[in-house]
Structure formats: C-alpha cells, structure tokens
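A.B. asks: Take a look at input18.txt, compact mmCIF, C-alpha atoms:
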```
# COMPACT_ATOMS: atom_id res chain seq x y z
CA MET G 1 49.69 -31.84 -15.07
CA ASP G 2 51.13 -28.96 -13.07
CA GLN G 3 48.63 -26.60 -14.60
CA LYS G 4 45.80 -28.93 -13.63
CA LYS G 5 47.04 -29.03 -10.05
CA GLN G 6 47.21 -25.27 -9.97
CA HIS G 7 43.61 -24.98 -11.16
CA GLN G 8 42.56 -27.46 -8.53
CA ALA G 9 44.41 -25.50 -5.87
CA GLU G 10 42.75 -22.26 -6.96
CA ALA G 11 39.33 -23.87 -6.91
CA ASN G 12 39.99 -25.19 -3.40
CA THR G 13 41.09 -21.77 -2.22
CA SER G 14 37.90 -20.24 -3.55
CA ILE G 15 35.78 -22.87 -1.78
CA ASP G 16 37.69 -22.33 1.47
CA ARG G 17 37.37 -18.58 1.08
CA THR G 18 33.60 -18.84 0.54
CA ALA G 19 33.23 -21.01 3.63
CA GLU G 20 35.29 -18.49 5.56
CA VAL G 21 32.97 -15.67 4.41
CA TRP G 22 29.84 -17.57 5.48
CA LYS G 23 31.41 -18.30 8.84
CA ALA G 24 32.27 -14.63 9.34
CA LEU G 25 28.76 -13.54 8.32
CA GLU G 26 27.28 -15.84 10.94
CA GLU G 27 28.88 -13.51 13.45
CA VAL G 28 27.03 -10.45 12.13
CA ARG G 29 24.02 -10.15 14.39
CA ASP G 30 20.70 -8.50 13.78
CA PRO G 31 21.01 -5.12 15.55
CA GLU G 32 17.65 -5.51 17.25
CA ILE G 33 17.45 -9.28 17.73
CA PRO G 34 21.05 -10.09 18.64
CA VAL G 35 20.38 -13.80 19.23
CA LEU G 36 20.06 -14.24 15.46
CA SER G 37 22.66 -13.63 12.79
CA LEU G 38 21.87 -12.17 9.39
CA VAL G 39 22.43 -15.70 8.05
CA ASP G 40 19.95 -17.21 10.56
CA LEU G 41 17.44 -14.58 9.50
CA LYS G 42 17.96 -15.46 5.79
CA ILE G 43 18.74 -11.82 5.13
CA ILE G 44 21.97 -13.09 3.56
CA GLN G 45 21.20 -15.78 1.04
CA SER G 46 24.03 -15.61 -1.47
CA VAL G 47 27.78 -14.99 -1.42
CA GLU G 48 30.14 -14.90 -4.39
CA VAL G 49 33.89 -14.82 -3.94
CA ALA G 50 36.38 -13.99 -6.70
CA GLU G 51 39.99 -13.22 -5.67
CA ASP G 52 39.89 -10.04 -3.58
CA ARG G 53 36.24 -9.36 -4.37
CA VAL G 54 33.19 -10.53 -2.56
CA LYS G 55 29.58 -9.94 -3.46
CA VAL G 56 26.81 -10.41 -0.93
CA GLU G 57 23.14 -10.31 -1.77
CA MET G 58 20.86 -9.23 1.06
CA VAL G 59 17.10 -9.66 1.14
CA PRO G 60 15.31 -7.11 3.34
CA THR G 61 12.93 -8.50 5.94
CA PHE G 62 10.67 -5.47 5.81
CA ALA G 63 11.34 -2.96 3.03
CA GLY G 64 11.13 -0.06 5.49
CA CYS G 65 13.34 -1.61 8.18
CA PRO G 66 15.51 1.23 9.51
CA ALA G 67 18.30 -1.22 10.42
CA LEU G 68 19.07 -2.11 6.79
CA ASN G 69 21.86 0.44 6.37
CA MET G 70 23.42 -0.55 9.66
CA MET G 71 23.38 -4.21 8.58
CA ARG G 72 25.02 -3.31 5.30
CA ASN G 73 27.78 -1.36 7.08
CA GLU G 74 28.44 -4.22 9.47
CA VAL G 75 28.66 -6.76 6.65
CA VAL G 76 31.10 -4.52 4.76
CA ALA G 77 33.26 -4.00 7.85
CA LYS G 78 33.27 -7.72 8.64
CA LEU G 79 34.35 -8.74 5.16
CA GLN G 80 36.97 -6.00 4.93
CA SER G 81 38.46 -7.43 8.12
CA LEU G 82 38.93 -10.71 6.22
CA GLY G 83 41.11 -8.83 3.73
CA PHE G 84 38.70 -8.29 0.85
CA GLU G 85 39.44 -5.11 -1.05
CA HIS G 86 36.08 -4.92 -2.78
CA VAL G 87 32.92 -5.71 -0.90
CA ASP G 88 29.67 -5.31 -2.84
CA VAL G 89 26.50 -5.54 -0.83
CA GLU G 90 23.32 -5.44 -2.79
CA PHE G 91 19.75 -5.47 -1.53
CA THR G 92 17.50 -7.45 -3.79
CA PHE G 93 13.79 -8.16 -4.11
CA HIS G 94 14.35 -10.95 -6.60
CA ARG G 95 14.68 -13.44 -3.81
CA ARG G 96 11.82 -14.06 -1.44
CA TRP G 97 12.03 -13.26 2.24
CA SER G 98 9.46 -15.07 4.34
CA THR G 99 9.34 -16.11 7.97
CA ASP G 100 8.42 -19.56 6.62
CA ASP G 101 12.06 -19.94 5.58
CA LEU G 102 13.43 -19.52 9.11
CA SER G 103 14.84 -22.74 10.58
CA GLU G 104 13.37 -24.47 13.65
CA GLU G 105 16.63 -23.58 15.39
CA ALA G 106 16.11 -19.87 14.64
CA LEU G 107 12.54 -20.01 15.95
CA LYS G 108 13.77 -21.64 19.14
CA LYS G 109 16.32 -18.87 19.65
CA LEU G 110 13.59 -16.23 19.15
CA ARG G 111 11.40 -17.88 21.79
CA ALA G 112 14.31 -18.07 24.23
CA PHE G 113 14.91 -14.35 23.63
CA GLY G 114 11.31 -13.60 24.69
CA ILE G 115 9.76 -13.14 21.23
CA ALA G 116 7.01 -15.55 20.22
CA PRO G 117 8.06 -17.02 16.86
CA PRO G 118 5.93 -16.61 13.72
CA VAL G 119 3.56 -19.40 12.71
CA ARG G 120 4.05 -20.97 9.30
CA LEU G 121 1.94 -19.25 6.68
CA THR G 122 2.09 -22.12 4.23
CA LEU G 123 0.36 -24.60 6.54
CA PRO G 124 -3.25 -23.62 5.99
CA GLU G 125 -4.38 -23.68 2.39
CA ALA G 126 -5.83 -20.33 1.48
CA GLU G 127 -6.98 -18.40 -1.55
CA ASN G 128 -4.75 -15.37 -1.19
CA HIS G 129 -2.25 -13.76 1.10
CA ILE G 130 -4.84 -11.84 3.13
CA GLU G 131 -6.72 -15.04 3.88
CA ARG G 132 -3.46 -16.82 4.77
CA LEU G 133 -2.59 -14.01 7.14
CA GLN G 134 -6.04 -14.00 8.72
CA ARG G 135 -5.74 -17.71 9.42
CA ALA G 136 -2.23 -17.30 10.75
CA VAL G 137 -3.30 -14.46 13.05
CA ALA G 138 -6.24 -16.55 14.28
CA GLN G 139 -4.00 -19.40 15.45
CA PRO G 140 -3.20 -19.56 19.16
CA VAL G 141 0.09 -17.96 20.14
CA VAL G 142 2.14 -19.45 22.95
CA CYS G 143 3.43 -16.99 25.55
CA PRO G 144 7.24 -17.11 25.40
CA PHE G 145 7.45 -16.47 29.14
CA CYS G 146 5.05 -18.99 30.71
CA GLY G 147 4.03 -21.25 27.81
CA SER G 148 0.32 -20.45 28.17
CA THR G 149 -1.93 -20.37 25.09
CA GLU G 150 -4.35 -18.03 26.87
CA THR G 151 -3.07 -15.05 24.90
CA LYS G 152 -4.67 -12.34 22.80
CA LEU G 153 -3.57 -10.08 19.99
CA ASP G 154 -3.42 -6.54 21.36
CA ALA G 155 -2.28 -4.81 18.19
CA PHE G 156 -1.31 -5.79 14.65
CA PHE G 157 1.78 -3.65 15.10
CA GLY G 158 4.48 -3.40 17.71
CA SER G 159 7.75 -1.85 18.73
CA MET G 160 9.40 -2.87 15.44
CA LEU G 161 8.08 -3.37 11.92
CA CYS G 162 8.58 -7.13 12.26
CA LYS G 163 6.73 -7.51 15.55
CA GLN G 164 3.18 -7.37 16.86
CA LEU G 165 1.90 -6.96 20.38
CA TYR G 166 0.25 -9.77 22.37
CA PHE G 167 -0.93 -10.09 25.94
CA CYS G 168 -0.76 -13.23 28.08
CA MET G 169 -3.82 -13.65 30.30
CA THR G 170 -2.06 -16.25 32.44
CA CYS G 171 1.10 -14.42 33.43
CA GLN G 172 -0.42 -10.97 32.77
CA GLN G 173 2.46 -9.77 30.63
CA SER G 174 2.67 -8.14 27.24
CA PHE G 175 4.95 -9.84 24.76
CA ASP G 176 6.05 -9.47 21.15
CA ARG G 177 5.38 -11.93 18.40
CA PHE G 178 7.43 -11.94 15.20
CA LYS G 179 4.97 -11.14 12.38
CA PRO G 180 4.38 -14.06 10.07
CA LEU G 181 5.30 -12.66 6.66
CA MET O 182 20.99 3.13 -15.61
CA SER O 183 21.04 -0.25 -13.92
CA LEU O 184 17.51 -1.41 -14.58
CA THR O 185 16.39 -2.15 -18.08
CA ILE O 186 12.81 -2.68 -19.09
CA PRO O 187 11.59 -4.36 -22.29
CA SER O 188 12.34 -2.03 -25.23
CA HIS O 189 8.72 -1.83 -26.41
CA ILE O 190 7.74 -0.06 -23.18
CA PRO O 191 8.27 3.73 -23.47
CA LEU O 192 10.66 4.64 -20.64
CA GLU O 193 9.15 8.07 -20.01
CA HIS O 194 5.67 6.65 -19.38
CA PHE O 195 7.05 3.81 -17.30
CA LYS O 196 8.95 6.27 -15.13
CA ARG O 197 5.81 8.35 -14.66
CA PHE O 198 4.01 5.26 -13.37
CA VAL O 199 6.82 4.41 -10.92
CA LEU O 200 6.86 8.00 -9.70
CA SER O 201 3.11 8.02 -9.04
CA MET O 202 3.50 4.91 -6.87
CA ALA O 203 6.49 6.39 -5.01
CA ASP O 204 4.88 9.77 -4.34
CA ASP O 205 1.63 8.27 -3.02
CA GLU O 206 3.61 6.21 -0.53
CA LEU O 207 5.85 9.02 0.64
CA VAL O 208 3.09 11.58 1.10
CA LEU O 209 0.66 9.23 2.85
CA GLY O 210 3.54 7.93 4.98
CA HIS O 211 4.24 11.51 6.04
CA ARG O 212 0.56 12.11 6.89
CA ASP O 213 0.47 8.87 8.91
CA SER O 214 3.56 9.92 10.82
CA GLU O 215 1.68 13.02 12.01
CA TRP O 216 -0.22 10.72 14.41
CA THR O 217 2.93 9.73 16.27
CA GLY O 218 2.30 10.96 19.79
CA HIS O 219 -1.23 12.15 18.94
CA ALA O 220 -3.41 9.11 18.20
CA PRO O 221 -6.42 8.57 20.47
CA ILE O 222 -5.03 5.33 21.97
CA LEU O 223 -1.52 3.94 22.33
CA GLU O 224 -2.10 0.92 20.06
CA GLU O 225 -3.17 3.22 17.23
CA ASP O 226 -0.28 5.55 17.88
CA ILE O 227 2.04 2.57 17.42
CA ALA O 228 0.06 1.29 14.44
CA PHE O 229 0.18 4.55 12.51
CA SER O 230 3.84 5.07 13.34
CA ASN O 231 4.56 1.57 11.97
CA ILE O 232 2.43 2.12 8.90
CA ALA O 233 4.20 5.43 8.25
CA GLN O 234 7.54 3.65 8.44
CA ASP O 235 6.32 0.94 6.07
CA GLU O 236 4.93 3.42 3.54
CA ILE O 237 8.06 5.54 3.55
CA GLY O 238 10.11 2.34 3.16
CA HIS O 239 7.95 1.41 0.20
CA ALA O 240 8.44 4.89 -1.24
CA LEU O 241 12.19 4.25 -1.01
CA VAL O 242 11.77 1.02 -2.98
CA TRP O 243 9.94 2.86 -5.76
CA TYR O 244 12.33 5.85 -5.75
CA THR O 245 15.25 3.43 -5.96
CA MET O 246 13.64 1.89 -9.02
CA TYR O 247 13.15 5.40 -10.42
CA MET O 248 16.85 6.11 -9.91
CA GLU O 249 17.79 2.82 -11.56
CA LEU O 250 15.78 3.97 -14.55
CA GLY O 251 17.98 7.06 -14.79
CA GLY O 252 16.32 9.41 -12.29
CA PRO O 253 17.84 11.38 -9.38
CA SER O 254 18.57 9.76 -6.01
CA PRO O 255 15.74 8.97 -3.57
CA ASP O 256 16.91 11.74 -1.21
CA GLU O 257 16.83 14.29 -4.00
CA MET O 258 13.36 13.11 -4.99
CA GLY O 259 12.03 13.38 -1.46
CA PHE O 260 13.85 16.39 -0.11
CA LEU O 261 14.89 18.65 -2.96
CA ARG O 262 12.03 18.43 -5.41
CA GLU O 263 9.49 21.23 -5.90
CA TRP O 264 6.01 20.35 -4.68
CA LYS O 265 4.56 20.88 -8.17
CA ASP O 266 6.77 18.07 -9.46
CA PHE O 267 5.15 15.47 -7.20
CA ARG O 268 2.75 13.09 -8.93
CA CYS O 269 0.76 11.77 -5.98
CA CYS O 270 -3.03 11.88 -6.02
CA HIS O 271 -4.79 14.64 -4.05
CA PHE O 272 -6.22 12.03 -1.70
CA VAL O 273 -2.96 11.40 0.17
CA THR O 274 -2.24 15.11 0.55
CA TYR O 275 -5.28 16.12 2.66
CA PRO O 276 -4.52 16.94 6.31
CA ARG O 277 -4.90 14.06 8.73
CA GLY O 278 -8.20 15.51 10.02
CA ASP O 279 -10.43 13.65 12.43
CA PHE O 280 -9.16 10.18 13.45
CA ALA O 281 -12.23 8.73 11.69
CA TYR O 282 -11.06 10.39 8.47
CA THR O 283 -7.58 8.89 8.92
CA VAL O 284 -9.06 5.41 9.42
CA VAL O 285 -11.31 5.69 6.37
CA ARG O 286 -8.55 7.16 4.20
CA GLN O 287 -6.16 4.43 5.24
CA TYR O 288 -8.72 1.73 4.51
CA LEU O 289 -9.65 3.11 1.08
CA PHE O 290 -5.96 3.51 0.25
CA ASP O 291 -5.01 0.05 1.59
CA VAL O 292 -7.56 -1.60 -0.70
CA ALA O 293 -6.21 0.44 -3.62
CA GLU O 294 -2.72 -0.81 -2.73
CA GLN O 295 -3.97 -4.38 -2.71
CA VAL O 296 -5.55 -4.14 -6.15
CA ARG O 297 -2.60 -2.21 -7.59
CA LEU O 298 -0.01 -4.68 -6.27
CA GLN O 299 -2.14 -7.73 -7.09
CA GLY O 300 -2.35 -6.42 -10.62
CA LEU O 301 1.43 -6.08 -10.81
CA LEU O 302 1.96 -9.74 -9.86
CA SER O 303 1.25 -10.60 -13.48
CA SER O 304 3.18 -7.67 -14.99
CA SER O 305 5.36 -8.28 -18.02
CA VAL O 306 8.15 -6.39 -16.22
CA ASP O 307 10.19 -8.63 -13.87
CA ALA O 308 11.15 -5.82 -11.49
CA LEU O 309 7.49 -4.86 -10.96
CA ARG O 310 6.55 -8.44 -10.18
CA SER O 311 9.22 -8.95 -7.53
CA VAL O 312 8.56 -5.59 -5.87
CA ALA O 313 4.81 -6.23 -5.84
CA GLU O 314 5.28 -9.68 -4.31
CA LYS O 315 7.37 -8.14 -1.53
CA LEU O 316 5.22 -5.11 -0.76
CA LEU O 317 1.93 -6.97 -0.96
CA ARG O 318 2.87 -9.15 2.00
CA GLU O 319 3.63 -6.12 4.15
CA GLU O 320 0.65 -4.10 2.96
CA SER O 321 -1.71 -6.94 3.87
CA TYR O 322 -1.15 -6.11 7.54
CA HIS O 323 -2.23 -2.54 6.88
CA LEU O 324 -5.48 -3.74 5.36
CA LEU O 325 -6.26 -6.18 8.19
CA HIS O 326 -5.76 -3.30 10.59
CA SER O 327 -7.75 -0.60 8.78
CA GLN O 328 -10.58 -2.90 7.70
CA GLY O 329 -10.93 -4.12 11.28
CA LEU O 330 -11.30 -0.53 12.47
CA VAL O 331 -13.85 0.32 9.77
CA GLU O 332 -15.91 -2.74 10.68
CA ARG O 333 -15.84 -1.95 14.37
CA LEU O 334 -16.29 1.83 14.25
CA GLY O 335 -18.91 1.91 11.49
CA ASP O 336 -21.73 0.99 13.85
CA ALA O 337 -20.17 0.91 17.33
CA THR O 338 -21.93 3.96 18.81
CA PRO O 339 -24.07 6.74 17.30
CA GLU O 340 -21.07 9.06 17.56
CA SER O 341 -18.62 6.65 15.92
CA HIS O 342 -21.14 5.97 13.14
CA GLU O 343 -21.72 9.64 12.50
CA ARG O 344 -18.02 10.47 12.39
CA MET O 345 -17.22 7.48 10.18
CA GLN O 346 -20.08 8.29 7.79
CA ARG O 347 -18.92 11.89 7.52
CA ALA O 348 -15.41 10.60 6.76
CA VAL O 349 -16.66 8.23 4.05
CA THR O 350 -18.69 10.97 2.38
CA GLU O 351 -15.65 13.24 2.39
CA ALA O 352 -13.01 10.66 1.47
CA PHE O 353 -14.80 8.66 -1.22
CA PRO O 354 -14.58 11.15 -4.13
CA GLN O 355 -11.01 11.96 -3.08
CA ALA O 356 -10.08 8.26 -3.10
CA LEU O 357 -11.39 7.86 -6.63
CA GLY O 358 -8.61 10.24 -7.65
CA ILE O 359 -6.08 7.47 -6.94
CA PHE O 360 -7.19 6.01 -10.26
CA GLU O 361 -6.75 9.16 -12.35
CA GLU O 362 -5.44 8.08 -15.74
CA LEU O 363 -1.72 8.64 -16.20
CA GLU O 364 -0.47 10.28 -19.34
CA GLY O 365 0.66 7.49 -21.66
CA GLU O 366 -0.68 4.67 -19.50
CA SER O 367 -2.28 2.99 -22.52
CA PHE O 368 1.22 2.13 -23.75
CA LEU O 369 1.94 0.39 -20.45
CA VAL O 370 -1.37 -1.47 -20.48
CA GLU O 371 -0.76 -2.61 -24.06
CA ALA O 372 2.69 -3.87 -23.09
CA GLY O 373 1.25 -5.80 -20.13
CA ALA O 374 3.26 -3.74 -17.63
CA PHE O 375 0.15 -2.99 -15.57
CA VAL O 376 -3.59 -3.46 -15.91
CA GLY O 377 -4.54 0.23 -16.12
CA ASN O 378 -6.35 2.54 -13.76
CA ALA O 379 -9.86 1.93 -15.12
CA ALA O 380 -9.60 -1.79 -14.32
CA LEU O 381 -8.08 -1.08 -10.91
CA ARG O 382 -10.84 1.34 -10.03
CA SER O 383 -13.46 -1.24 -10.86
CA ASP O 384 -11.71 -3.90 -8.71
CA TRP O 385 -11.45 -1.38 -5.91
CA LEU O 386 -15.17 -0.50 -6.01
CA LYS O 387 -16.12 -4.18 -5.91
CA GLU O 388 -14.09 -4.57 -2.74
CA VAL O 389 -14.79 -1.39 -0.74
CA VAL O 390 -18.53 -0.87 -1.33
CA PRO O 391 -19.70 -4.15 0.30
CA VAL O 392 -17.29 -3.75 3.25
CA LEU O 393 -18.52 -0.20 3.93
CA HIS O 394 -22.10 -1.31 3.54
CA LYS O 395 -21.61 -4.16 6.01
CA ALA O 396 -20.22 -1.61 8.46
CA SER O 397 -23.47 0.43 8.06
CA LEU O 398 -21.66 3.07 6.03
CA GLN O 399 -23.07 4.46 2.81
CA ALA O 400 -20.79 5.04 -0.15
CA PRO O 401 -22.00 7.52 -2.78
CA VAL O 402 -22.78 4.81 -5.32
CA GLN O 403 -25.74 3.10 -6.87
CA LEU O 404 -25.73 -0.65 -7.36
CA GLU O 405 -27.01 -1.76 -10.76
CA ALA O 406 -26.91 -5.56 -11.14
CA GLU O 407 -23.20 -6.38 -11.55
CA ASN O 408 -22.12 -2.76 -11.81
CA VAL O 409 -21.34 -0.13 -9.26
CA LYS O 410 -22.33 3.32 -10.50
CA VAL O 411 -20.42 6.13 -8.85
CA LEU O 412 -22.53 9.22 -8.05
CA VAL O 413 -19.72 11.68 -7.31
CA SER O 414 -16.86 13.01 -9.40
CA PRO O 415 -13.32 12.03 -8.50
CA HIS O 416 -10.83 14.57 -7.18
CA GLU O 417 -8.23 14.49 -9.91
CA GLY O 418 -5.29 16.59 -11.00
CA GLY O 419 -2.54 15.21 -8.78
CA ARG O 420 -1.13 12.90 -11.44
CA ARG O 421 -0.67 15.96 -13.69
CA GLY O 422 0.94 18.01 -10.95
CA GLN O 423 -2.09 20.22 -10.32
CA HIS O 424 -1.97 20.07 -6.55
CA LEU O 425 -3.79 21.62 -3.61
CA GLU O 426 -1.99 23.93 -1.20
CA TYR O 427 -2.00 21.08 1.34
CA LEU O 428 0.82 19.40 -0.54
CA LYS O 429 2.88 22.58 -0.54
CA GLN O 430 2.58 22.82 3.26
CA LEU O 431 3.48 19.15 3.66
CA VAL O 432 6.50 19.36 1.37
CA ASP O 433 7.71 22.54 3.11
CA ASP O 434 7.55 20.73 6.45
CA MET O 435 9.14 17.55 5.16
CA GLN O 436 12.04 19.29 3.40
CA GLN O 437 12.75 22.01 5.93
CA VAL O 438 15.58 20.30 7.81
CA TYR O 439 17.21 18.68 4.77
CA ARG O 440 17.30 21.98 2.90
CA LEU O 441 19.10 23.70 5.76
CA ALA O 442 22.19 21.60 5.03
CA PRO O 443 21.73 19.46 1.92
CA GLN O 444 25.30 18.13 2.05
CA SER O 445 24.96 16.68 5.54
CA GLN O 446 25.43 12.98 6.07
CA TRP O 447 22.71 11.44 8.21
```
Represent the structure contained in this file as structure tokens.
C.D. replies:
Amino acid sequence: MDQKKQHQAEANTSIDRTAEVWKALEEVRDPEIPVLSLVDLKIIQSVEVAEDRVKVEMVPTFAGCPALNMMRNEVVAKLQSLGFEHVDVEFTFHRRWSTDDLSEEALKKLRAFGIAPPVRLTLPEAENHIERLQRAVAQPVVCPFCGSTETKLDAFFGSMLCKQLYFCMTCQQSFDRFKPL
Amino acid sequence: MSLTIPSHIPLEHFKRFVLSMADDELVLGHRDSEWTGHAPILEEDIAFSNIAQDEIGHALVWYTMYMELGGPSPDEMGFLREWKDFRCCHFVTYPRGDFAYTVVRQYLFDVAEQVRLQGLLSSSVDALRSVAEKLLREESYHLLHSQGLVERLGDATPESHERMQRAVTEAFPQALGIFEELEGESFLVEAGAFVGNAALRSDWLKEVVPVLHKASLQAPVQLEAENVKVLVSPHEGGRRGQHLEYLKQLVDDMQQVYRLAPQSQW
C-alpha cells in the first residue's frame, strides 16, 4: 500500500514538474517577435521530464533562422534556473513546423504587433506546395495598421526569413507579413 | 554516429550524396550573398540576402546529417576543408556575373532543388524524407521569386531579353552539371534512397524548357515528341572534385577569417 502511494506521489511530482516546465517555457520569447513565446510559435512541441533531467525538442521555423542558437541558449538557461542539472535541447525535422499550426490567439498577437499574420495554406485545395503557396500569396492581405485590403506584395522576402514585404495603398505604409509556410 | 540508415545502403555512397547536396547549398549561398549591398534594386538586394541565408541554413542541415553519419562538424566542413574536397557542381561555383546570369542561375537551380527534394519525399530513408519535406516548403519561395523574374525579364525590353538570352545560353550547359552521376549512386537508387540523377535531369528539363520558352528564351534543346533532346554537353567534374579555379577563390574568401583563429568561439 505504502509503495503504491509512493509511486503515485512520484507520478504526481513528474506531472507537476512537466507543467512547471511548460509554464516556464511560455516565458521564453522569440528574440525577434517578442509578443510570442517559443510555445506560441510551436517551436517547442515536446517536453520530457525525468528526475533532474529535461529533454526539449525544438522544431525550427526556417532552417536557416539565425536566432536558433539564441533560442536554444535561452531555453537551457530557463530550465537550469528551475533546478534541472541536465537540459537536452534537440532540433528536429521529424515534426512538422507550419504556420497553419499557429493558434488564432497567436495570429491576433502578431497583428497587434504590426505584422500581418499568415493565411492558412490548407484552405485552398491544391495539387502541390507551389500551387498552394501561389494561391496563398494571391489572397488579399489586410494591413495591420489601418485594416485596409488595398495592399500589394512588394517582395517575396523581407527583413527576416519568416517575413515578406507588403505595401498598403490606403495608409501608404510598408508592412511585414509572416510568410505562410 | 547518431543517425543510422538501413544496412543495405552503402554508407560511403550515401555520405557522398549528402555531401553533394550540402556543398551545392553552401557554395550557391555564398555566391548569392555577394549581392548583399550590390543588387540593382533594394527588393532584390533583400531577396538575394534572404536566399543566401536560406541556402546556407540548408547547407547546415545537410552538413549536420553528414556529421551524424560519422563525418566532421559542419564548421570543419565549411571552413577547414580543402577546395578540392568539395563535391558541388561547377554550376554553383561560377562568379555571380551579370544580374541576368544570377537570375537565370537561381531559377535553373531552384527547379533542380524542387525536383531533387520532391524525389526525396518518397525516399526509403526516413531522415531524407523529413528533411526534404522541411526544405521544400522554404525552397518554394525561391522558385516563385526566380521564376517570376525570368517571366518578366525574358521579354520586357530588347535589352532585358538580350541579357537574359545570353545568360540562358551560358548557364544551361553548366546547369546540366547538377545532374552529374555520383559514384555509387546506382546502389542508392536500387535501395530507393533517391531516384537518381538521370531521372531528375529529365524532370528538370520538362519543367524549365517550357517556362523559358514562354518567356521568349531559347534553351539549347530540340523537342522531339515527348522527349527533350539536349544539344550541348553538360559541365561536369564537380562531383568528382575536378573543380574550376573559381571555387578555389570562393573557398579562400569564405575561409579566410575562420582560418585566422580556428579556435575562436563565434
């Protein structure tokens, strides 16, 4: 009986500990889009806790994103501050990263930050990824500043790998749109 | 070694394939980065700087896989290797040239990337499938960009047409060298790891020739019913390490700072 209780207690501790880790990770912000955490961005999708060890799997947004190392360091520092002796952070390609997986809440925060959120790629049925992208790029983009749809794509690329440059004809301002990926 | 591949795939040949992918990305990424601050318009300056960053990021993905197969670290591969040990095709090593040449090279390479990565989506090797799925999404933006430029510049003005046509004539035989057969690739094809360069080249031709033609640009090919007959010989040798001096100059430039203090932490 006692042994059973002890097992139960250990299991509870592990669940509490895991929740604590997720909560802490929600405080680790994207270095370039600080309104979103690495959890909001689905860069962190899995956490495993075992005694003084924690393993975090991270899924890169863009493979060439220069902030990846900084994110890793911040995650390690955060989890060490919770008292974990061993923090393993692993980048993986086995899990998918797509802007389609971002929550409505995350998209709202992006818009409020002045970045037009990505459109959903899965909405239009298309033969292949290129066609999906073409349809996504052809959809009207709402200016995050004035709400106008009188906007045009200025460049497929922008100031960061995950952004592209738009121009709003109504308020005459350039703005960034998060690339649908 | 933290990545294992099915035992019937010869490791040495598999590694050679991974290296060819990595080196193409790194070297073209470096060439693209040479436009930072020099492109004819700001949007293109930003575009090529982004593309360079993407390609070098993709090189890192492939070099990491190479390391996980028992190779040296990505930094050692990029910054301490002799130029003759690179296995990129000649195509990516040519100087950036006229902006028209850069556009055409990028387009021809972007289509090659599409067919290569598409082909890997059905690979028998898990790691190749997940990497291809990831990179393909990012590379698609490169293709939308470069194909858009080819379509617009091909017949925009007499000058743009002439410069683009000159670029196509120059770049086409070089681009065919992307598909130079790798030593031992038949083992990989047999094992279903990848579809093989002959098949990729044929997919590539079917895609690029009509797009160039629609942009009023002539590729050195003859169309015979279903087949595309190529009238020029490909620039090969890169996959065997027989490189042009251009690569030596590029590697010297790229490695110069790292070699000054190889132990430095960046």
A.B. asks: Tell me, as a list in words, which residues lie within 6 Å of region 141-150 of chain G, counting only C-alpha atoms; anything in the same chain fewer than 5 positions away does not count.
C.D. replies: Arg111, Gly114, Ala116 and Met169 of chain G
A.B. asks: Taking all atoms listed in the file into account, find every residue of chain O that has an atom no more than 6 Å from chain G, and write it out as JSON, numbers by chain.
C.D. replies: {"O": [228, 234, 235, 238, 311, 321]}
A.B. asks: Would you compute the distance between CA of Leu207 (chain O) and CA of Gln436 (chain O)? Give it in Å to one decimal.
C.D. replies: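 Going from CA of Leu207 (chain O) over to CA of Gln436 (chain O) covers 12.3 Å.
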A.B. asks: What does the structure give for the distance between CA of Arg421 (chain O) and CA of Val292 (chain O), in Å to one decimal?
C.D. replies: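 It comes out at 22.9 Å.
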A.B. asks: Please report the interatomic distance between CA of Leu241 (chain O) and CA of Gly259 (chain O) in Å with one decimal.
C.D. replies: 9.1 Å
A.B. asks: Env of region 372-378 of chain O: 8 Å cut, atoms = only C-alpha atoms, seq-sep filter 3 positions within chain, self excluded. Answer as a list in words.
C.D. replies: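 Close residues of region 372-378 of chain O: His189, Ile190, Gly300, Leu301, Ser303, Ser304, Ser305, Val306, Leu309, Phe360, Glu361, Glu362, Glu366, Ser367, Phe368, Leu369, Leu381 and Arg382 of chain O.
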A.B. asks: Could you dump the residues just selected with C-alpha atoms as a PDB file, keeping the file's coordinate frame?
C.D. replies:
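So selection33.pdb came out as:
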```pdb
ATOM      1  CA  HIS O 189       8.720  -1.830 -26.410  1.00  0.00           C
ATOM      2  CA  ILE O 190       7.740  -0.060 -23.180  1.00  0.00           C
ATOM      3  CA  GLY O 300      -2.350  -6.420 -10.620  1.00  0.00           C
ATOM      4  CA  LEU O 301       1.430  -6.080 -10.810  1.00  0.00           C
ATOM      5  CA  SER O 303       1.250 -10.600 -13.480  1.00  0.00           C
ATOM      6  CA  SER O 304       3.180  -7.670 -14.990  1.00  0.00           C
ATOM      7  CA  SER O 305       5.360  -8.280 -18.020  1.00  0.00           C
ATOM      8  CA  VAL O 306       8.150  -6.390 -16.220  1.00  0.00           C
ATOM      9  CA  LEU O 309       7.490  -4.860 -10.960  1.00  0.00           C
ATOM     10  CA  PHE O 360      -7.190   6.010 -10.260  1.00  0.00           C
ATOM     11  CA  GLU O 361      -6.750   9.160 -12.350  1.00  0.00           C
ATOM     12  CA  GLU O 362      -5.440   8.080 -15.740  1.00  0.00           C
ATOM     13  CA  GLU O 366      -0.680   4.670 -19.500  1.00  0.00           C
ATOM     14  CA  SER O 367      -2.280   2.990 -22.520  1.00  0.00           C
ATOM     15  CA  PHE O 368       1.220   2.130 -23.750  1.00  0.00           C
ATOM     16  CA  LEU O 369       1.940   0.390 -20.450  1.00  0.00           C
ATOM     17  CA  LEU O 381      -8.080  -1.080 -10.910  1.00  0.00           C
ATOM     18  CA  ARG O 382     -10.840   1.340 -10.030  1.00  0.00           C
TER      19      ARG O 382
END
```
A.B. asks: Using all atoms listed in the file, which protein or nucleic acid residues come within 12 Å of Ser414 (chain O)? Drop anything in the same chain fewer than 2 positions from it, and give the result as a PyMOL selection string.
C.D. replies: chain O and resi 351-358+360-361+401-402+410-412+416-417
A.B. asks: Which residues, written as a PDB file with C-alpha atoms, in the coordinates of the input, have at least one atom at most 10 Å from Gly251 (chain O), with only C-alpha atoms counted and residues fewer than 4 positions away on the same chain left out?
C.D. replies:
```
ATOM      1  CA  MET O 182      20.990   3.130 -15.610  1.00  0.00           C
ATOM      2  CA  SER O 183      21.040  -0.250 -13.920  1.00  0.00           C
ATOM      3  CA  LEU O 184      17.510  -1.410 -14.580  1.00  0.00           C
ATOM      4  CA  THR O 185      16.390  -2.150 -18.080  1.00  0.00           C
ATOM      5  CA  LEU O 192      10.660   4.640 -20.640  1.00  0.00           C
ATOM      6  CA  LYS O 196       8.950   6.270 -15.130  1.00  0.00           C
ATOM      7  CA  THR O 245      15.250   3.430  -5.960  1.00  0.00           C
ATOM      8  CA  MET O 246      13.640   1.890  -9.020  1.00  0.00           C
ATOM      9  CA  TYR O 247      13.150   5.400 -10.420  1.00  0.00           C
TER      10      TYR O 247
END
```
A.B. asks: Enclose region 214-228 of chain O, meaning all of its atoms listed in the file, in a box aligned along x, y and z, pad it by 5 Å on each side, and list the centre and edge lengths in Å to one decimal, as JSON.
C.D. replies:
```
{"center_x": -1.4, "center_y": 7.0, "center_z": 16.6, "size_x": 20.0, "size_y": 22.1, "size_z": 21.5}
```
A.B. asks: Quick one: of O:Ser397, O:Gln444, O:Thr283, O:Asn231, who's nearest to Thr338 (chain O), counting only C-alpha atoms?
C.D. replies: O:Ser397
